[in-house]
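Notes to accompany the following structure.
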Amino acid sequence: MIKNIAVIPGDGIGPEVVKETIKVLDKVAEKFGHEFKYEYLLAGGCSIDEYGKPLTEETLERAKASDSVLLGAVGGPKWENIPGIRPEQALLGLRGGLNLYANLRPATMYKELSSASPLKSEIIGDGIDIMIVRELTGGIYFGESGRNETGDWAYDTESYSKSEVERLLIHAFEIAMKRNKHVTVVDKANVLESSRLWREVTREVAPKYPEVSVDYLYVDNASMQLVRNPRQFDVIATSNIFGDILSDEASQITGSIGMLPSASLGDGTFGMYEPVHGSAPDIAGENKANPLATILSGAMMLRYSFDMKDEADCIENAVAKVLEDGIRTGDIAGGGEFVGCKEMGDAVVERL
Ligand code: IPM
Ligand code: MN
């Protein structure tokens, strides 16, 4: 198969981790007889430098024209103080502009990394495997916001329509059907009207999936349950802001945010794939970053957008093998051989 991939390396460690992922994708293409064509695009801080804004129309159009997007990370201190402009606007612009409303963030613990988890071994048990399905193009991150004239009062708005909630929940239930058939809806329905709408819509969607059990947790309780008893979760379906926060928390219980991939999907097979971690400007360019989250995002691209299950399994198995063999970047503690970003990429390619 020939696939056109829009590649957005971004800022900080983005280009390094993306480079290793391209090596892995090329090896998979060679092994399985595919051809991946890459078009490199600027977004985030590097786009501000080049075009004066974090995301241009042209970049968005080119991303739209591709079969799917691979993104590294955006942002950094260099672009923190430009009035009205932030590199992160590129992410929101891409997600919104490409209508990628369902963000899948799997928090999977590799048994080799269990010592890197801050949780006790009796809590971890035989491992953690949670799929957070975060709404990605609505809620407070996309709501009306502003200030008054004097600038001493500011507001942001959380709002959801029934159809926005419904399409997100359908993704969550469909995924649950392929997993352990349990969905936890996380909200703040004891306070927020929009959360009460989430519950109403869940009660409408759930009967279409009679095999899936559903429960509801308030987000404050959910954040506690994630560290107290993470194995109670299978799929978590939640709003944009709650999913943002809980996915960072979930990443830590698995050992490292440097391991977690994500997929952003809409109605069709098109998707955008990026690590959950950020641009880590403090270690950028030092060959210290962990490329595995981006490599695993590449595997998700093959699985969800290109329907290449064997190819995706192959990458995921190679990553597991690298960990079994004791190869580690600085963020994943626990002995073994410490290597740089490039060497980690090489190690995965070798095992493919
Ligand atoms: C993430 C990031 C982004 C988000 C920011 C940078 C806009 O934190 O992907 O989780 O909140 O979605
Ligand atoms: Mn985040």
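Naming scheme: A, B, ... for chains in displayed order of the structure tokens; residues 1 onward per chain; ligands 1 onward as shown.
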
**Item:** Close residues, Ile170 in chain A itself excluded, 10 Å, only C-alpha atoms, min 2 positions apart in chain, as a PyMOL selection string
**Value:** chain A and resi 102+165-168+172-176+202+205-206+208-209+237

Kindly export the residues of the current selection with all heavy atoms, as a tab-separated table (two decimals), in the first residue's frame.
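The resulting out_29.tsv:
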```
chain	number	residue	atom	x	y	z
A	102	ALA	N	-12.03	12.73	18.81
A	102	ALA	CA	-11.85	11.65	19.78
A	102	ALA	C	-10.37	11.35	19.96
A	102	ALA	O	-9.68	10.97	19.01
A	102	ALA	CB	-12.58	10.39	19.32
A	165	VAL	N	-21.17	15.08	22.44
A	165	VAL	CA	-20.99	14.06	23.47
A	165	VAL	C	-21.25	12.67	22.88
A	165	VAL	O	-20.51	11.72	23.09
A	165	VAL	CB	-21.93	14.32	24.67
A	165	VAL	CG1	-21.78	13.23	25.72
A	165	VAL	CG2	-21.65	15.69	25.28
A	166	GLU	N	-22.31	12.61	22.09
A	166	GLU	CA	-22.74	11.33	21.52
A	166	GLU	C	-21.65	10.70	20.65
A	166	GLU	O	-21.30	9.53	20.80
A	166	GLU	CB	-23.99	11.58	20.68
A	166	GLU	CG	-24.74	10.34	20.34
A	166	GLU	CD	-26.10	10.68	19.74
A	166	GLU	OE1	-26.26	11.79	19.16
A	166	GLU	OE2	-26.99	9.84	19.86
A	167	ARG	N	-21.06	11.49	19.76
A	167	ARG	CA	-20.06	10.91	18.85
A	167	ARG	C	-18.81	10.48	19.61
A	167	ARG	O	-18.16	9.50	19.24
A	167	ARG	CB	-19.74	11.89	17.71
A	167	ARG	CG	-19.10	13.18	18.15
A	167	ARG	CD	-18.95	14.17	17.01
A	167	ARG	NE	-18.15	15.31	17.46
A	167	ARG	CZ	-17.75	16.28	16.69
A	167	ARG	NH1	-18.07	16.29	15.40
A	167	ARG	NH2	-17.01	17.27	17.18
A	168	LEU	N	-18.49	11.21	20.67
A	168	LEU	CA	-17.34	10.81	21.50
A	168	LEU	C	-17.63	9.49	22.20
A	168	LEU	O	-16.80	8.57	22.23
A	168	LEU	CB	-17.03	11.93	22.50
A	168	LEU	CG	-15.76	11.84	23.37
A	168	LEU	CD1	-15.97	11.02	24.63
A	168	LEU	CD2	-14.53	11.40	22.62
A	172	ALA	N	-15.91	5.66	22.37
A	172	ALA	CA	-15.54	5.01	23.63
A	172	ALA	C	-16.18	3.62	23.76
A	172	ALA	O	-15.51	2.65	24.13
A	172	ALA	CB	-15.95	5.89	24.81
A	173	PHE	N	-17.45	3.53	23.42
A	173	PHE	CA	-18.13	2.22	23.53
A	173	PHE	C	-17.59	1.22	22.51
A	173	PHE	O	-17.42	0.04	22.81
A	173	PHE	CB	-19.66	2.38	23.40
A	173	PHE	CG	-20.33	2.78	24.67
A	173	PHE	CD1	-20.48	4.12	25.01
A	173	PHE	CD2	-20.78	1.83	25.57
A	173	PHE	CE1	-21.08	4.51	26.20
A	173	PHE	CE2	-21.40	2.20	26.77
A	173	PHE	CZ	-21.55	3.54	27.08
A	174	GLU	N	-17.33	1.70	21.29
A	174	GLU	CA	-16.78	0.80	20.27
A	174	GLU	C	-15.43	0.24	20.72
A	174	GLU	O	-15.13	-0.94	20.53
A	174	GLU	CB	-16.60	1.54	18.93
A	174	GLU	CG	-17.92	1.91	18.24
A	174	GLU	CD	-18.67	0.69	17.68
A	174	GLU	OE1	-18.03	-0.33	17.43
A	174	GLU	OE2	-19.91	0.79	17.52
A	175	ILE	N	-14.62	1.10	21.30
A	175	ILE	CA	-13.31	0.64	21.78
A	175	ILE	C	-13.48	-0.34	22.94
A	175	ILE	O	-12.80	-1.36	23.02
A	175	ILE	CB	-12.44	1.86	22.19
A	175	ILE	CG1	-12.02	2.60	20.92
A	175	ILE	CG2	-11.21	1.44	22.99
A	175	ILE	CD1	-11.58	4.01	21.17
A	176	ALA	N	-14.41	-0.02	23.83
A	176	ALA	CA	-14.66	-0.92	24.97
A	176	ALA	C	-15.06	-2.32	24.49
A	176	ALA	O	-14.68	-3.32	25.08
A	176	ALA	CB	-15.74	-0.33	25.87
A	202	THR	N	-25.11	9.57	27.85
A	202	THR	CA	-24.59	8.22	28.10
A	202	THR	C	-25.74	7.24	28.29
A	202	THR	O	-25.71	6.12	27.76
A	202	THR	CB	-23.69	8.21	29.36
A	202	THR	OG1	-22.72	9.25	29.25
A	202	THR	CG2	-22.98	6.86	29.50
A	205	VAL	N	-26.95	6.30	24.88
A	205	VAL	CA	-26.05	5.53	24.02
A	205	VAL	C	-25.83	4.12	24.58
A	205	VAL	O	-25.79	3.14	23.83
A	205	VAL	CB	-24.70	6.27	23.87
A	205	VAL	CG1	-23.67	5.42	23.13
A	205	VAL	CG2	-24.90	7.61	23.15
A	206	ALA	N	-25.70	4.02	25.90
A	206	ALA	CA	-25.32	2.75	26.53
A	206	ALA	C	-26.19	1.54	26.15
A	206	ALA	O	-25.64	0.47	25.90
A	206	ALA	CB	-25.27	2.92	28.05
A	208	LYS	N	-27.37	0.69	23.49
A	208	LYS	CA	-26.96	0.14	22.19
A	208	LYS	C	-25.77	-0.81	22.35
A	208	LYS	O	-25.40	-1.50	21.40
A	208	LYS	CB	-26.62	1.26	21.21
A	208	LYS	CG	-27.82	2.13	20.93
A	208	LYS	CD	-27.52	3.25	19.94
A	208	LYS	CE	-28.71	4.18	19.84
A	208	LYS	NZ	-28.39	5.58	20.09
A	209	TYR	N	-25.16	-0.79	23.51
A	209	TYR	CA	-24.02	-1.68	23.78
A	209	TYR	C	-24.31	-2.47	25.05
A	209	TYR	O	-23.69	-2.25	26.09
A	209	TYR	CB	-22.73	-0.86	23.95
A	209	TYR	CG	-22.39	-0.04	22.72
A	209	TYR	CD1	-22.89	1.25	22.55
A	209	TYR	CD2	-21.58	-0.57	21.71
A	209	TYR	CE1	-22.59	1.99	21.41
A	209	TYR	CE2	-21.26	0.17	20.58
A	209	TYR	CZ	-21.77	1.45	20.44
A	209	TYR	OH	-21.47	2.19	19.32
A	237	ALA	N	-14.20	7.63	29.49
A	237	ALA	CA	-14.69	8.60	28.50
A	237	ALA	C	-14.90	9.92	29.21
A	237	ALA	O	-15.60	9.98	30.24
A	237	ALA	CB	-16.01	8.11	27.89
```

**Request:** Throw together the list of residues within 9 Å of ligand 1, counting only C-alpha atoms and all ligand atoms, and drop it here as JSON, numbers by chain.
**Result:** {"A": [73, 74, 75, 87, 88, 89, 90, 91, 92, 136, 141, 240, 241, 243, 244, 245, 247, 248, 262, 274, 275, 276, 277, 278]}

**Request:** Give the helix (DSSP H, G or I) residues of range 28-151 of chain A, as DSSP finds them on the backbone, and put them as a ChimeraX atom specification.
**Result:** /A:28-32,45-51,57-65,77-79,89-97,111-116,121-124,139-141

Grab the residues selected above and save them as a short mmCIF file (atom, residue, chain, number, x, y, z; two decimals), in the first residue's frame with C-alpha atoms.
```cif
data_model
loop_
_atom_site.label_atom_id
_atom_site.label_comp_id
_atom_site.auth_asym_id
_atom_site.auth_seq_id
_atom_site.Cartn_x
_atom_site.Cartn_y
_atom_site.Cartn_z
CA VAL A 28 8.09 -1.67 8.54
CA ALA A 29 7.36 -0.50 4.97
CA GLU A 30 10.35 -2.45 3.69
CA LYS A 31 9.40 -5.56 5.65
CA PHE A 32 5.74 -5.59 4.61
CA GLY A 45 7.11 27.66 17.43
CA CYS A 46 9.05 26.88 14.25
CA SER A 47 6.05 28.06 12.22
CA ILE A 48 5.90 31.30 14.25
CA ASP A 49 9.57 31.83 13.35
CA GLU A 50 8.98 31.11 9.67
CA TYR A 51 5.49 32.51 9.00
CA GLU A 57 -3.96 27.71 6.32
CA GLU A 58 -1.56 26.08 3.88
CA THR A 59 -0.22 23.68 6.54
CA LEU A 60 -3.75 22.78 7.61
CA GLU A 61 -4.77 22.16 3.98
CA ARG A 62 -1.76 19.95 3.35
CA ALA A 63 -2.39 18.00 6.53
CA LYS A 64 -6.01 17.54 5.40
CA ALA A 65 -4.86 16.23 2.04
CA PRO A 77 10.25 29.13 26.27
CA LYS A 78 11.33 31.02 23.15
CA TRP A 79 7.69 31.62 22.20
CA GLN A 89 -2.55 27.09 19.25
CA ALA A 90 -1.19 24.94 16.42
CA LEU A 91 -2.32 21.78 18.19
CA LEU A 92 -5.79 23.11 18.88
CA GLY A 93 -5.99 24.43 15.30
CA LEU A 94 -5.00 21.08 13.82
CA ARG A 95 -7.34 19.08 16.04
CA GLY A 96 -10.26 21.44 15.41
CA GLY A 97 -9.46 22.07 11.74
CA LYS A 111 5.92 -5.15 33.19
CA GLU A 112 9.61 -4.36 32.67
CA LEU A 113 8.90 -0.78 33.74
CA SER A 114 6.81 -1.53 36.81
CA SER A 115 9.70 -0.40 39.03
CA ALA A 116 9.49 3.04 37.36
CA SER A 121 3.49 -3.43 43.50
CA GLU A 122 0.31 -4.65 45.23
CA ILE A 123 -1.60 -1.80 43.58
CA ILE A 124 -0.07 -2.45 40.16
CA GLY A 139 -15.43 22.09 25.89
CA ILE A 140 -13.55 24.83 27.65
CA TYR A 141 -10.44 24.63 25.42
#
```

**Message:** Taking 4 positions as the minimum chain separation for residues in the same chain, which residues sit within 7 Å of range 182-189 of chain A when counting only C-alpha atoms? Answer as a VMD selection string.
**Reply:** chain A and resid 173 176 193 195 to 196 212 to 219 222 234 to 238

**Message:** Counting only C-alpha atoms and all ligand atoms, which residue out of A:Val24, A:Val339, A:Leu260, A:Cys314 sits closest to ligand 2?
**Reply:**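 Closest to ligand 2, using only C-alpha atoms and all ligand atoms: A:Leu260.
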
**Test item: residues at most 10 Å from Ser264 in chain A, only C-alpha atoms, excluding those fewer than 5 positions along its chain, as JSON, numbers by chain** = {"A": [69, 95, 98, 99, 100, 101, 102, 103, 104, 105, 133, 134, 135, 136, 270, 271, 272, 273, 274, 300, 301, 304]}
